[in-house]
$ cat entry.txt   # compact mmCIF, C-alpha atoms
# COMPACT_ATOMS: atom_id res chain seq x y z
CA MET B 2 -22.51 -40.35 -14.10
CA GLU B 3 -25.19 -41.41 -16.54
CA THR B 4 -24.84 -40.49 -20.22
CA PRO B 5 -26.94 -37.36 -20.83
CA GLU B 6 -30.11 -37.96 -22.78
CA ALA B 7 -30.03 -36.69 -26.35
CA PRO B 8 -33.13 -34.49 -25.93
CA VAL B 9 -31.53 -32.80 -22.92
CA LEU B 10 -28.34 -32.08 -24.83
CA ASP B 11 -30.36 -30.79 -27.77
CA LEU B 12 -32.19 -28.43 -25.44
CA LEU B 13 -28.96 -27.25 -23.80
CA ASP B 14 -27.27 -26.68 -27.17
CA ASP B 15 -30.24 -24.71 -28.39
CA ALA B 16 -30.27 -22.58 -25.22
CA PHE B 17 -26.52 -21.96 -25.49
CA GLU B 18 -26.75 -20.81 -29.10
CA ARG B 19 -29.64 -18.52 -28.21
CA LEU B 20 -27.61 -17.05 -25.37
CA CYS B 21 -24.61 -16.51 -27.65
CA ALA B 22 -26.81 -14.59 -30.07
CA GLN B 23 -27.86 -12.08 -27.40
CA PRO B 24 -26.20 -8.66 -27.13
CA LEU B 25 -24.19 -7.83 -24.03
CA ALA B 26 -26.69 -5.06 -23.31
CA LEU B 27 -29.01 -7.82 -22.11
CA VAL B 28 -26.76 -8.58 -19.13
CA LEU B 29 -25.36 -5.08 -18.61
CA GLU B 30 -28.17 -3.87 -16.37
CA PRO B 31 -27.37 -2.02 -13.11
CA ALA B 32 -30.71 -2.68 -11.39
CA PRO B 33 -30.14 -6.42 -10.66
CA LEU B 34 -26.64 -5.62 -9.43
CA PHE B 35 -27.89 -3.02 -7.00
CA THR B 36 -30.56 -5.43 -5.79
CA LEU B 37 -27.72 -7.85 -5.03
CA PHE B 38 -25.84 -5.04 -3.25
CA ASP B 39 -28.89 -4.38 -1.09
CA ARG B 40 -29.03 -8.03 -0.10
CA LEU B 41 -25.32 -8.26 0.61
CA ALA B 42 -25.22 -4.98 2.57
CA ASP B 43 -25.96 -6.93 5.74
CA PRO B 44 -22.98 -7.17 8.11
CA ALA B 45 -24.33 -10.35 9.70
CA LEU B 46 -24.60 -12.09 6.32
CA LEU B 47 -21.15 -10.88 5.27
CA ALA B 48 -19.70 -12.08 8.58
CA ASP B 49 -21.20 -15.55 7.99
CA VAL B 50 -19.71 -15.69 4.47
CA ASN B 51 -16.36 -14.50 5.80
CA ASP B 52 -16.33 -17.11 8.55
CA ALA B 53 -17.50 -19.94 6.30
CA VAL B 54 -15.43 -19.22 3.18
CA ILE B 55 -12.80 -16.48 3.45
CA VAL B 56 -11.26 -17.33 6.84
CA PRO B 57 -10.79 -21.07 6.18
CA ALA B 58 -9.35 -20.37 2.72
CA ARG B 59 -6.98 -17.77 4.16
CA ASP B 60 -5.84 -20.09 6.94
CA ARG B 61 -5.17 -22.88 4.44
CA ALA B 62 -3.21 -20.51 2.18
CA ILE B 63 -1.04 -19.35 5.09
CA ALA B 64 -0.49 -22.95 6.20
CA ARG B 65 0.62 -23.99 2.70
CA ALA B 66 2.90 -21.00 2.31
CA SER B 67 4.49 -21.59 5.72
CA LYS B 68 5.98 -24.83 4.38
CA SER B 69 7.15 -23.36 1.06
CA SER B 70 10.75 -22.56 0.15
CA VAL B 71 9.62 -20.85 -3.06
CA THR B 72 10.39 -17.13 -3.23
CA HIS B 73 7.87 -14.43 -4.02
CA ARG B 74 9.82 -13.81 -7.22
CA ALA B 75 8.41 -17.09 -8.58
CA TRP B 76 5.03 -15.37 -9.01
CA LEU B 77 6.50 -13.08 -11.67
CA PRO B 78 8.30 -13.62 -14.97
CA ASP B 79 11.98 -12.67 -14.65
CA ASP B 80 11.72 -9.66 -16.96
CA VAL B 81 8.69 -8.34 -15.06
CA ALA B 82 10.49 -8.73 -11.72
CA GLN B 83 13.51 -6.88 -13.09
CA ARG B 84 11.36 -4.04 -14.36
CA ILE B 85 9.64 -3.74 -10.99
CA VAL B 86 12.97 -3.52 -9.15
CA GLU B 87 14.33 -1.05 -11.72
CA ARG B 88 11.29 1.18 -11.45
CA ALA B 89 11.31 1.02 -7.65
CA SER B 90 15.00 2.04 -7.64
CA ARG B 91 14.47 5.24 -9.60
CA PRO B 92 14.99 8.56 -7.78
CA LYS B 93 11.98 9.48 -5.67
CA PRO B 94 11.83 13.22 -5.01
CA LEU B 95 9.86 14.16 -1.95
CA PRO B 96 6.92 16.47 -2.69
CA ARG B 97 8.25 20.00 -2.24
CA LYS B 98 5.07 21.26 -0.58
CA MET B 99 5.13 18.37 1.89
CA VAL B 100 8.79 19.06 2.75
CA ASP B 101 8.16 22.77 3.29
CA GLU B 102 5.17 22.08 5.56
CA LEU B 103 7.06 19.38 7.47
CA VAL B 104 10.19 21.45 8.07
CA ALA B 105 8.14 24.50 9.08
CA SER B 106 6.01 22.52 11.54
CA GLU B 107 6.25 23.29 15.25
CA ARG B 108 7.22 19.72 16.06
CA VAL B 109 10.23 19.75 13.75
CA ARG B 110 11.22 23.27 14.80
CA ASP B 111 11.08 22.34 18.48
CA GLY B 112 13.05 19.16 17.86
CA VAL B 113 15.79 20.91 15.89
CA LYS B 114 15.96 23.76 18.39
CA ALA B 115 16.32 21.36 21.31
CA THR B 116 19.07 19.45 19.51
CA LEU B 117 21.01 22.62 18.63
CA THR B 118 20.64 24.03 22.12
CA GLU B 119 21.83 20.80 23.72
CA ALA B 120 24.80 20.51 21.35
CA LEU B 121 25.93 24.13 21.81
CA THR B 122 25.45 24.05 25.57
CA SER B 123 27.50 20.86 25.81
CA PHE B 124 30.22 22.37 23.61
CA VAL B 125 30.45 25.57 25.70
CA GLN B 126 30.59 23.63 28.96
CA LYS B 127 33.35 21.31 27.76
CA ALA B 128 35.40 24.04 26.07
CA SER B 129 35.29 26.46 29.00
CA SER B 130 36.10 23.74 31.52
CA GLY B 131 39.58 23.28 30.01
CA GLY B 132 39.00 20.10 28.04
CA GLY B 133 40.53 19.41 24.63
CA ALA B 134 41.90 22.41 22.72
CA ALA B 135 40.92 24.72 25.57
CA ALA B 136 43.38 22.93 27.90
CA ALA B 137 46.24 23.42 25.44
CA GLY B 138 45.43 27.12 25.09
CA ALA B 139 45.30 27.56 28.84
CA GLY B 140 48.73 25.91 29.23
CA MET B 141 50.31 28.27 26.69
CA LEU B 142 48.70 31.25 28.41
CA ARG B 143 50.02 30.18 31.79
CA GLY B 144 53.57 29.98 30.48
CA ALA B 145 53.37 33.32 28.69
CA LEU B 146 52.13 35.19 31.77
CA SER B 147 54.81 33.64 34.02
CA PHE B 148 52.45 33.41 36.98
CA GLY B 149 52.74 30.67 39.49
CA ALA B 150 50.90 27.57 38.57
CA LYS B 151 48.41 27.91 41.39
CA ALA B 152 47.70 31.60 40.83
CA ALA B 153 47.38 31.09 37.09
CA GLY B 154 44.98 28.25 37.59
CA LYS B 155 42.75 30.32 39.84
CA MET B 156 42.80 33.26 37.46
CA LEU B 157 42.06 31.24 34.34
CA GLY B 158 39.45 29.25 36.16
CA GLY B 159 37.64 32.44 37.08
CA VAL B 160 37.89 33.76 33.55
CA GLY B 161 36.61 30.46 32.21
CA GLU B 162 33.60 30.49 34.51
CA GLU B 163 32.69 34.02 33.44
CA ILE B 164 33.12 33.20 29.77
CA GLN B 165 31.06 30.06 30.23
CA ARG B 166 28.27 32.00 31.93
CA GLN B 167 28.16 34.61 29.18
CA LEU B 168 28.28 32.06 26.39
CA LEU B 169 25.51 29.99 27.94
CA GLU B 170 23.34 33.09 28.17
CA ARG B 171 23.91 33.67 24.47
CA VAL B 172 23.14 30.07 23.35
CA GLY B 173 19.38 30.57 23.32
CA ASP B 174 19.59 33.81 21.37
CA PHE B 175 22.00 32.28 18.87
CA VAL B 176 19.80 29.23 18.31
CA ASP B 177 16.69 31.39 17.79
CA GLY B 178 18.53 33.49 15.23
CA ALA B 179 19.96 30.47 13.44
CA MET B 180 16.73 28.43 13.24
CA ALA B 181 15.48 29.91 9.96
CA ASN B 182 18.78 29.12 8.26
CA VAL B 183 18.90 25.64 9.74
CA GLN B 184 15.34 24.87 8.61
CA GLN B 185 16.13 26.14 5.12
CA ARG B 186 19.21 23.92 4.93
CA ILE B 187 17.18 20.91 6.08
CA ALA B 188 14.50 21.59 3.46
CA GLU B 189 17.12 21.99 0.72
CA ARG B 190 18.72 18.72 1.72
CA LEU B 191 15.42 16.84 1.72
CA LYS B 192 14.52 18.25 -1.72
CA SER B 193 17.93 17.55 -3.24
CA ASP B 194 18.66 15.08 -6.04
CA ASP B 195 20.95 13.13 -3.69
CA THR B 196 18.09 12.53 -1.28
CA ALA B 197 15.79 11.43 -4.13
CA LYS B 198 18.44 8.98 -5.37
CA ALA B 199 19.05 7.65 -1.87
CA LEU B 200 15.33 7.06 -1.33
CA GLY B 201 15.06 5.30 -4.67
CA LYS B 202 17.94 2.99 -3.80
CA ARG B 203 16.41 2.14 -0.46
CA VAL B 204 12.99 1.39 -1.97
CA GLY B 205 14.60 -0.69 -4.73
CA ALA B 206 16.58 -2.67 -2.17
CA ALA B 207 13.41 -3.27 -0.13
CA VAL B 208 11.53 -4.54 -3.21
CA GLN B 209 14.48 -6.76 -4.15
CA LYS B 210 14.53 -8.19 -0.63
CA ALA B 211 10.77 -8.81 -0.71
CA LEU B 212 11.00 -10.66 -4.03
CA ASP B 213 13.85 -12.84 -2.77
CA GLU B 214 12.02 -13.65 0.45
CA THR B 215 10.48 -17.12 0.70
CA GLU B 216 6.77 -17.71 0.95
CA ALA B 217 7.39 -19.26 4.36
CA ALA B 218 8.94 -16.02 5.65
CA GLY B 219 6.03 -14.03 4.23
CA ALA B 220 3.55 -16.41 5.81
CA LYS B 221 5.27 -16.00 9.18
CA ARG B 222 4.73 -12.25 9.02
CA THR B 223 1.18 -12.66 7.72
CA ALA B 224 0.33 -14.95 10.60
CA ARG B 225 1.18 -12.12 13.01
CA VAL B 226 -1.58 -9.91 11.60
CA ALA B 227 -4.44 -9.32 14.03
CA TRP B 228 -6.89 -11.18 11.81
CA ALA B 229 -9.57 -11.26 14.50
CA ASP B 230 -9.69 -7.44 14.41
CA VAL B 231 -9.66 -7.42 10.61
CA ASP B 232 -12.46 -9.97 10.35
CA ALA B 233 -14.53 -8.04 12.86
CA ALA B 234 -14.25 -4.84 10.80
CA VAL B 235 -14.50 -6.19 7.23
CA PRO B 236 -18.28 -6.95 7.16
CA ASP B 237 -19.15 -3.44 8.36
CA VAL B 238 -16.70 -1.83 5.91
CA ILE B 239 -18.08 -3.78 2.93
CA ALA B 240 -21.70 -3.16 3.94
CA HIS B 241 -20.97 0.54 4.38
CA ASN B 242 -19.48 0.84 0.89
CA LEU B 243 -22.22 -1.19 -0.78
CA ARG B 244 -24.68 1.41 0.48
CA ARG B 245 -22.64 4.46 -0.52
CA PRO B 246 -24.41 6.54 -3.20
CA GLU B 247 -21.04 7.63 -4.64
CA LEU B 248 -20.02 4.02 -5.31
CA ARG B 249 -23.38 3.11 -6.81
CA ASP B 250 -23.35 6.17 -9.06
CA ALA B 251 -19.84 5.32 -10.26
CA ILE B 252 -20.82 1.70 -11.02
CA ALA B 253 -24.01 2.80 -12.81
CA ASP B 254 -21.97 5.23 -14.90
CA GLU B 255 -19.45 2.54 -15.85
CA ILE B 256 -22.22 0.14 -16.84
CA SER B 257 -23.81 2.85 -18.97
CA GLN B 258 -20.47 3.44 -20.69
CA LEU B 259 -20.07 -0.29 -21.36
CA ARG B 260 -23.59 -0.50 -22.78
CA ALA B 261 -22.94 2.49 -25.04
CA GLU B 262 -19.57 1.22 -26.29
CA HIS B 263 -20.04 -2.56 -26.33
CA GLY B 264 -23.74 -3.22 -25.83
CA ASP B 265 -24.23 -4.41 -29.43
CA VAL B 266 -21.51 -7.06 -29.14
CA THR B 267 -23.02 -10.50 -28.76
CA VAL B 268 -22.16 -12.92 -25.97
CA GLY B 269 -20.89 -15.39 -28.56
CA SER B 270 -18.60 -12.81 -30.15
CA LEU B 271 -17.08 -12.04 -26.78
CA LEU B 272 -16.50 -15.74 -26.10
CA ASP B 273 -14.85 -16.05 -29.53
CA VAL B 274 -12.54 -13.10 -28.83
CA LEU B 275 -11.53 -14.69 -25.53
CA GLY B 276 -11.09 -18.07 -27.24
CA VAL B 277 -13.33 -19.89 -24.74
CA ARG B 278 -16.52 -20.55 -26.69
CA ASP B 279 -15.97 -24.32 -26.88
CA LEU B 280 -14.94 -24.43 -23.22
CA ALA B 281 -18.03 -22.46 -22.19
CA LYS B 282 -20.27 -24.72 -24.24
CA GLY B 283 -18.71 -27.85 -22.74
CA GLU B 284 -19.23 -26.57 -19.18
CA TRP B 285 -22.76 -25.49 -20.07
CA ARG B 286 -23.48 -29.04 -21.24
CA ARG B 287 -21.77 -30.69 -18.27
CA ILE B 288 -23.57 -28.71 -15.60
CA GLY B 289 -26.88 -28.43 -17.48
CA SER B 290 -27.10 -32.15 -18.17
CA VAL B 291 -26.78 -32.89 -14.45
CA VAL B 292 -29.42 -30.31 -13.56
CA MET B 293 -31.88 -31.38 -16.24
CA GLN B 294 -31.31 -35.12 -16.26
CA GLY B 295 -34.65 -36.88 -16.10
CA SER B 296 -36.69 -33.77 -16.80
CA ALA B 297 -39.47 -33.76 -19.32
CA TRP B 298 -38.04 -30.71 -21.14
CA VAL B 299 -37.16 -31.29 -24.77
CA ARG B 300 -36.22 -29.00 -27.62
CA SER B 301 -39.24 -27.98 -29.61
CA ALA B 302 -39.24 -28.53 -33.36
$ encode --input "entry.txt" --output "structure tokens"
Amino acid sequence: METPEAPVLDLLDDAFERLCAQPLALVLEPAPLFTLFDRLADPALLADVNDAVIVPARDRAIARASKSSVTHRAWLPDDVAQRIVERASRPKPLPRKMVDELVASERVRDGVKATLTEALTSFVQKASSGGGAAAAGAGMLRGALSFGAKAAGKMLGGVGEEIQRQLLERVGDFVDGAMANVQQRIAERLKSDDTAKALGKRVGAAVQKALDETEAAGAKRTARVAWADVDAAVPDVIAHNLRRPELRDAIADEISQLRAEHGDVTVGSLLDVLGVRDLAKGEWRRIGSVVMQGSAWVRSA
């Protein structure tokens, strides 16, 4: 590249110093931003930008990560990673209102009722058929009554069938009466400190596992995302939000706050605070000298 002409550099330096002397209020104007929003709020344009820039960059990032043995933890300082895991492992109480609404819902009630009914019905059927402890009790009863084995068996079998029938008729009533107590016990369990601690441990373990996972494993999962569906929806979602009055009002309000609090600060002062004034000036010169090389513009006396 040719050495920039001295008059061009003089002009660029003068322009840079003039820019640095301007207050931030000069650039903190919502109107130009909203004009840009209006231009960008075109799904077709956003789709073109997505296809030309975002999709290729995303595909390259996934391809690079798929060959990496580096873990996700490498993106964080060790102390930050430890704090994240520690915070994630803290007890996580479930919202009491959410638990009460969930336990009282028809879906949960029906599920619990069906489970209790099935369990009690199965228990009655097995117990009254002579299995397990019932068989031992029947044997003792047969010996005590001194009936013949066959007669005793018929008698006890008949008694068992009647008992079974009566118990089965009572299962539904018992379950209906017990449901309120069962639901209360479930809610108490979900809202307990033990449940909060258990949830915290599980979340902490999941975060720990995610940090120790390699970028290649993460890329494998990312590659399974239905990106075609995402890319088809993103332009419309962005365009929709760029038009939303609520978003525009919020941005305008934030810009007004920035103007009120920092509008008097000069561009140069901000660059000095950030420690990038020399870097900004160097880039200004580098790009400006290419743009203005050979022009007739010179710095006026």
$ closest_residue --input "entry.txt" --among "B:Ser106, B:Val113, B:Arg74, B:Val28" --to "Val86 of chain B" --atoms "all atoms listed in the file"
B:Arg74
$ residues_around --input "entry.txt" --residues "Ala199 of chain B" --least-positions-apart "4" --cutoff "8 Å" --atoms "all atoms listed in the file" --output "list in words"
Pro92, Asp195 and Arg203 of chain B
$ atom_distance --input "entry.txt" --atom1 "atom CA of Cys21 of chain B" --atom2 "atom CA of Ser270 of chain B"
7.5 Å
$ atom_distance --input "entry.txt" --atom1 "atom CA of Phe17 of chain B" --atom2 "atom CA of Trp285 of chain B"
7.5 Å
$ atom_distance --input "entry.txt" --atom1 "atom CA of Thr116 of chain B" --atom2 "atom CA of Leu103 of chain B"
17.0 Å
$ residues_around --input "entry.txt" --residues "Ala82 of chain B" --least-positions-apart "4" --cutoff "10 Å" --atoms "all atoms listed in the file" --output "count of residues only"
12
$ residues_near_point --input "entry.txt" --point "(11.9, 13.6, -2.2)" --cutoff "12 Å" --atoms "only C-alpha atoms" --output "mmCIF file with C-alpha atoms, in the coordinates of the input"
data_model
loop_
_atom_site.group_PDB
_atom_site.id
_atom_site.type_symbol
_atom_site.label_atom_id
_atom_site.label_comp_id
_atom_site.auth_asym_id
_atom_site.auth_seq_id
_atom_site.Cartn_x
_atom_site.Cartn_y
_atom_site.Cartn_z
ATOM 1 C CA ARG B 91 14.470 5.240 -9.600
ATOM 2 C CA PRO B 92 14.990 8.560 -7.780
ATOM 3 C CA LYS B 93 11.980 9.480 -5.670
ATOM 4 C CA PRO B 94 11.830 13.220 -5.010
ATOM 5 C CA LEU B 95 9.860 14.160 -1.950
ATOM 6 C CA PRO B 96 6.920 16.470 -2.690
ATOM 7 C CA ARG B 97 8.250 20.000 -2.240
ATOM 8 C CA LYS B 98 5.070 21.260 -0.580
ATOM 9 C CA MET B 99 5.130 18.370 1.890
ATOM 10 C CA VAL B 100 8.790 19.060 2.750
ATOM 11 C CA ASP B 101 8.160 22.770 3.290
ATOM 12 C CA ALA B 188 14.500 21.590 3.460
ATOM 13 C CA GLU B 189 17.120 21.990 0.720
ATOM 14 C CA ARG B 190 18.720 18.720 1.720
ATOM 15 C CA LEU B 191 15.420 16.840 1.720
ATOM 16 C CA LYS B 192 14.520 18.250 -1.720
ATOM 17 C CA SER B 193 17.930 17.550 -3.240
ATOM 18 C CA ASP B 194 18.660 15.080 -6.040
ATOM 19 C CA ASP B 195 20.950 13.130 -3.690
ATOM 20 C CA THR B 196 18.090 12.530 -1.280
ATOM 21 C CA ALA B 197 15.790 11.430 -4.130
ATOM 22 C CA LYS B 198 18.440 8.980 -5.370
ATOM 23 C CA ALA B 199 19.050 7.650 -1.870
ATOM 24 C CA LEU B 200 15.330 7.060 -1.330
ATOM 25 C CA GLY B 201 15.060 5.300 -4.670
#
$ closest_residue --input "entry.txt" --among "B:Asn182, B:Arg249, B:Asp254, B:Ala66" --to "Glu214 of chain B" --atoms "all atoms listed in the file"
B:Ala66
$ closest_residue --input "entry.txt" --among "B:Ala7, B:Leu20, B:Leu25, B:Val292" --to "His263 of chain B" --atoms "all atoms listed in the file"
B:Leu25
$ residues_around --input "entry.txt" --residues "Leu271 of chain B" --least-positions-apart "5" --cutoff "12 Å" --atoms "all atoms listed in the file" --output "list in words"
Leu20, Cys21, Ala22, Gln23, Pro24, Leu25, His263, Gly264, Asp265, Val266, Gly276, Val277, Arg278 and Ala281 of chain B
$ residues_around --input "entry.txt" --residues "Glu30 of chain B" --least-positions-apart "5" --cutoff "9 Å" --atoms "all atoms listed in the file" --output "CSV table (one decimal) with C-alpha atoms, in the frame of the given file"
chain,number,residue,atom,x,y,z
B,253,ALA,CA,-24.0,2.8,-12.8
B,256,ILE,CA,-22.2,0.1,-16.8
B,257,SER,CA,-23.8,2.8,-19.0
B,260,ARG,CA,-23.6,-0.5,-22.8
$ decode --input "entry.txt" --residues "segment 245-256 of chain B" --atoms "all heavy atoms" --output "PDB file, in the first residue's frame"
ATOM      1  N   ARG B 245     -42.253  -3.329  16.858  1.00  0.00           N
ATOM      2  CA  ARG B 245     -43.074  -3.252  18.080  1.00  0.00           C
ATOM      3  C   ARG B 245     -42.934  -1.896  18.763  1.00  0.00           C
ATOM      4  O   ARG B 245     -41.818  -1.468  19.093  1.00  0.00           O
ATOM      5  CB  ARG B 245     -42.665  -4.343  19.064  1.00  0.00           C
ATOM      6  CG  ARG B 245     -43.147  -5.730  18.690  1.00  0.00           C
ATOM      7  CD  ARG B 245     -42.650  -6.737  19.701  1.00  0.00           C
ATOM      8  NE  ARG B 245     -43.122  -6.380  21.033  1.00  0.00           N
ATOM      9  CZ  ARG B 245     -42.426  -6.598  22.147  1.00  0.00           C
ATOM     10  NH1 ARG B 245     -41.223  -7.123  22.081  1.00  0.00           N
ATOM     11  NH2 ARG B 245     -42.925  -6.270  23.307  1.00  0.00           N
ATOM     12  N   PRO B 246     -44.029  -1.200  19.007  1.00  0.00           N
ATOM     13  CA  PRO B 246     -43.973   0.103  19.689  1.00  0.00           C
ATOM     14  C   PRO B 246     -43.350  -0.011  21.079  1.00  0.00           C
ATOM     15  O   PRO B 246     -42.630   0.894  21.511  1.00  0.00           O
ATOM     16  CB  PRO B 246     -45.442   0.532  19.770  1.00  0.00           C
ATOM     17  CG  PRO B 246     -46.128  -0.238  18.696  1.00  0.00           C
ATOM     18  CD  PRO B 246     -45.409  -1.537  18.612  1.00  0.00           C
ATOM     19  N   GLU B 247     -43.627  -1.121  21.784  1.00  0.00           N
ATOM     20  CA  GLU B 247     -43.085  -1.276  23.143  1.00  0.00           C
ATOM     21  C   GLU B 247     -41.559  -1.284  23.129  1.00  0.00           C
ATOM     22  O   GLU B 247     -40.922  -0.668  23.987  1.00  0.00           O
ATOM     23  CB  GLU B 247     -43.597  -2.573  23.774  1.00  0.00           C
ATOM     24  CG  GLU B 247     -45.109  -2.645  23.947  1.00  0.00           C
ATOM     25  CD  GLU B 247     -45.811  -3.178  22.719  1.00  0.00           C
ATOM     26  OE1 GLU B 247     -45.133  -3.369  21.677  1.00  0.00           O
ATOM     27  OE2 GLU B 247     -47.035  -3.395  22.800  1.00  0.00           O
ATOM     28  N   LEU B 248     -40.970  -1.975  22.152  1.00  0.00           N
ATOM     29  CA  LEU B 248     -39.511  -2.035  22.061  1.00  0.00           C
ATOM     30  C   LEU B 248     -38.937  -0.666  21.707  1.00  0.00           C
ATOM     31  O   LEU B 248     -37.949  -0.218  22.292  1.00  0.00           O
ATOM     32  CB  LEU B 248     -39.096  -3.077  21.024  1.00  0.00           C
ATOM     33  CG  LEU B 248     -37.581  -3.199  20.790  1.00  0.00           C
ATOM     34  CD1 LEU B 248     -36.868  -3.651  22.061  1.00  0.00           C
ATOM     35  CD2 LEU B 248     -37.293  -4.176  19.651  1.00  0.00           C
ATOM     36  N   ARG B 249     -39.558  -0.007  20.757  1.00  0.00           N
ATOM     37  CA  ARG B 249     -39.082   1.316  20.344  1.00  0.00           C
ATOM     38  C   ARG B 249     -39.182   2.319  21.493  1.00  0.00           C
ATOM     39  O   ARG B 249     -38.257   3.111  21.701  1.00  0.00           O
ATOM     40  CB  ARG B 249     -39.889   1.805  19.141  1.00  0.00           C
ATOM     41  CG  ARG B 249     -39.611   1.027  17.862  1.00  0.00           C
ATOM     42  CD  ARG B 249     -40.439   1.562  16.708  1.00  0.00           C
ATOM     43  NE  ARG B 249     -40.072   0.915  15.465  1.00  0.00           N
ATOM     44  CZ  ARG B 249     -39.622   1.550  14.376  1.00  0.00           C
ATOM     45  NH1 ARG B 249     -39.476   2.857  14.386  1.00  0.00           N
ATOM     46  NH2 ARG B 249     -39.310   0.877  13.291  1.00  0.00           N
ATOM     47  N   ASP B 250     -40.274   2.271  22.231  1.00  0.00           N
ATOM     48  CA  ASP B 250     -40.426   3.191  23.366  1.00  0.00           C
ATOM     49  C   ASP B 250     -39.356   2.927  24.421  1.00  0.00           C
ATOM     50  O   ASP B 250     -38.804   3.865  25.007  1.00  0.00           O
ATOM     51  CB  ASP B 250     -41.815   3.035  23.989  1.00  0.00           C
ATOM     52  CG  ASP B 250     -42.928   3.558  23.080  1.00  0.00           C
ATOM     53  OD1 ASP B 250     -42.603   4.289  22.132  1.00  0.00           O
ATOM     54  OD2 ASP B 250     -44.107   3.211  23.323  1.00  0.00           O
ATOM     55  N   ALA B 251     -39.066   1.646  24.660  1.00  0.00           N
ATOM     56  CA  ALA B 251     -38.048   1.307  25.655  1.00  0.00           C
ATOM     57  C   ALA B 251     -36.672   1.796  25.216  1.00  0.00           C
ATOM     58  O   ALA B 251     -35.908   2.341  26.023  1.00  0.00           O
ATOM     59  CB  ALA B 251     -38.027  -0.205  25.885  1.00  0.00           C
ATOM     60  N   ILE B 252     -36.350   1.621  23.928  1.00  0.00           N
ATOM     61  CA  ILE B 252     -35.046   2.075  23.416  1.00  0.00           C
ATOM     62  C   ILE B 252     -34.957   3.601  23.474  1.00  0.00           C
ATOM     63  O   ILE B 252     -33.924   4.160  23.878  1.00  0.00           O
ATOM     64  CB  ILE B 252     -34.841   1.572  21.977  1.00  0.00           C
ATOM     65  CG1 ILE B 252     -34.679   0.044  21.974  1.00  0.00           C
ATOM     66  CG2 ILE B 252     -33.614   2.238  21.345  1.00  0.00           C
ATOM     67  CD1 ILE B 252     -34.604  -0.560  20.589  1.00  0.00           C
ATOM     68  N   ALA B 253     -36.023   4.277  23.063  1.00  0.00           N
ATOM     69  CA  ALA B 253     -36.035   5.743  23.113  1.00  0.00           C
ATOM     70  C   ALA B 253     -35.846   6.244  24.540  1.00  0.00           C
ATOM     71  O   ALA B 253     -35.121   7.222  24.786  1.00  0.00           O
ATOM     72  CB  ALA B 253     -37.345   6.272  22.530  1.00  0.00           C
ATOM     73  N   ASP B 254     -36.470   5.570  25.488  1.00  0.00           N
ATOM     74  CA  ASP B 254     -36.336   5.955  26.891  1.00  0.00           C
ATOM     75  C   ASP B 254     -34.908   5.763  27.377  1.00  0.00           C
ATOM     76  O   ASP B 254     -34.357   6.620  28.093  1.00  0.00           O
ATOM     77  CB  ASP B 254     -37.297   5.134  27.750  1.00  0.00           C
ATOM     78  CG  ASP B 254     -37.242   5.535  29.211  1.00  0.00           C
ATOM     79  OD1 ASP B 254     -37.563   6.694  29.519  1.00  0.00           O
ATOM     80  OD2 ASP B 254     -36.876   4.691  30.054  1.00  0.00           O
ATOM     81  N   GLU B 255     -34.281   4.643  26.988  1.00  0.00           N
ATOM     82  CA  GLU B 255     -32.896   4.398  27.401  1.00  0.00           C
ATOM     83  C   GLU B 255     -31.945   5.428  26.795  1.00  0.00           C
ATOM     84  O   GLU B 255     -31.021   5.901  27.465  1.00  0.00           O
ATOM     85  CB  GLU B 255     -32.469   2.984  26.989  1.00  0.00           C
ATOM     86  CG  GLU B 255     -33.092   1.879  27.818  1.00  0.00           C
ATOM     87  CD  GLU B 255     -32.732   2.010  29.286  1.00  0.00           C
ATOM     88  OE1 GLU B 255     -31.556   2.276  29.593  1.00  0.00           O
ATOM     89  OE2 GLU B 255     -33.630   1.868  30.136  1.00  0.00           O
ATOM     90  N   ILE B 256     -32.176   5.773  25.534  1.00  0.00           N
ATOM     91  CA  ILE B 256     -31.321   6.783  24.898  1.00  0.00           C
ATOM     92  C   ILE B 256     -31.488   8.128  25.589  1.00  0.00           C
ATOM     93  O   ILE B 256     -30.516   8.860  25.809  1.00  0.00           O
ATOM     94  CB  ILE B 256     -31.646   6.887  23.396  1.00  0.00           C
ATOM     95  CG1 ILE B 256     -31.218   5.607  22.675  1.00  0.00           C
ATOM     96  CG2 ILE B 256     -30.937   8.096  22.774  1.00  0.00           C
ATOM     97  CD1 ILE B 256     -31.572   5.585  21.194  1.00  0.00           C
TER      98      ILE B 256
END
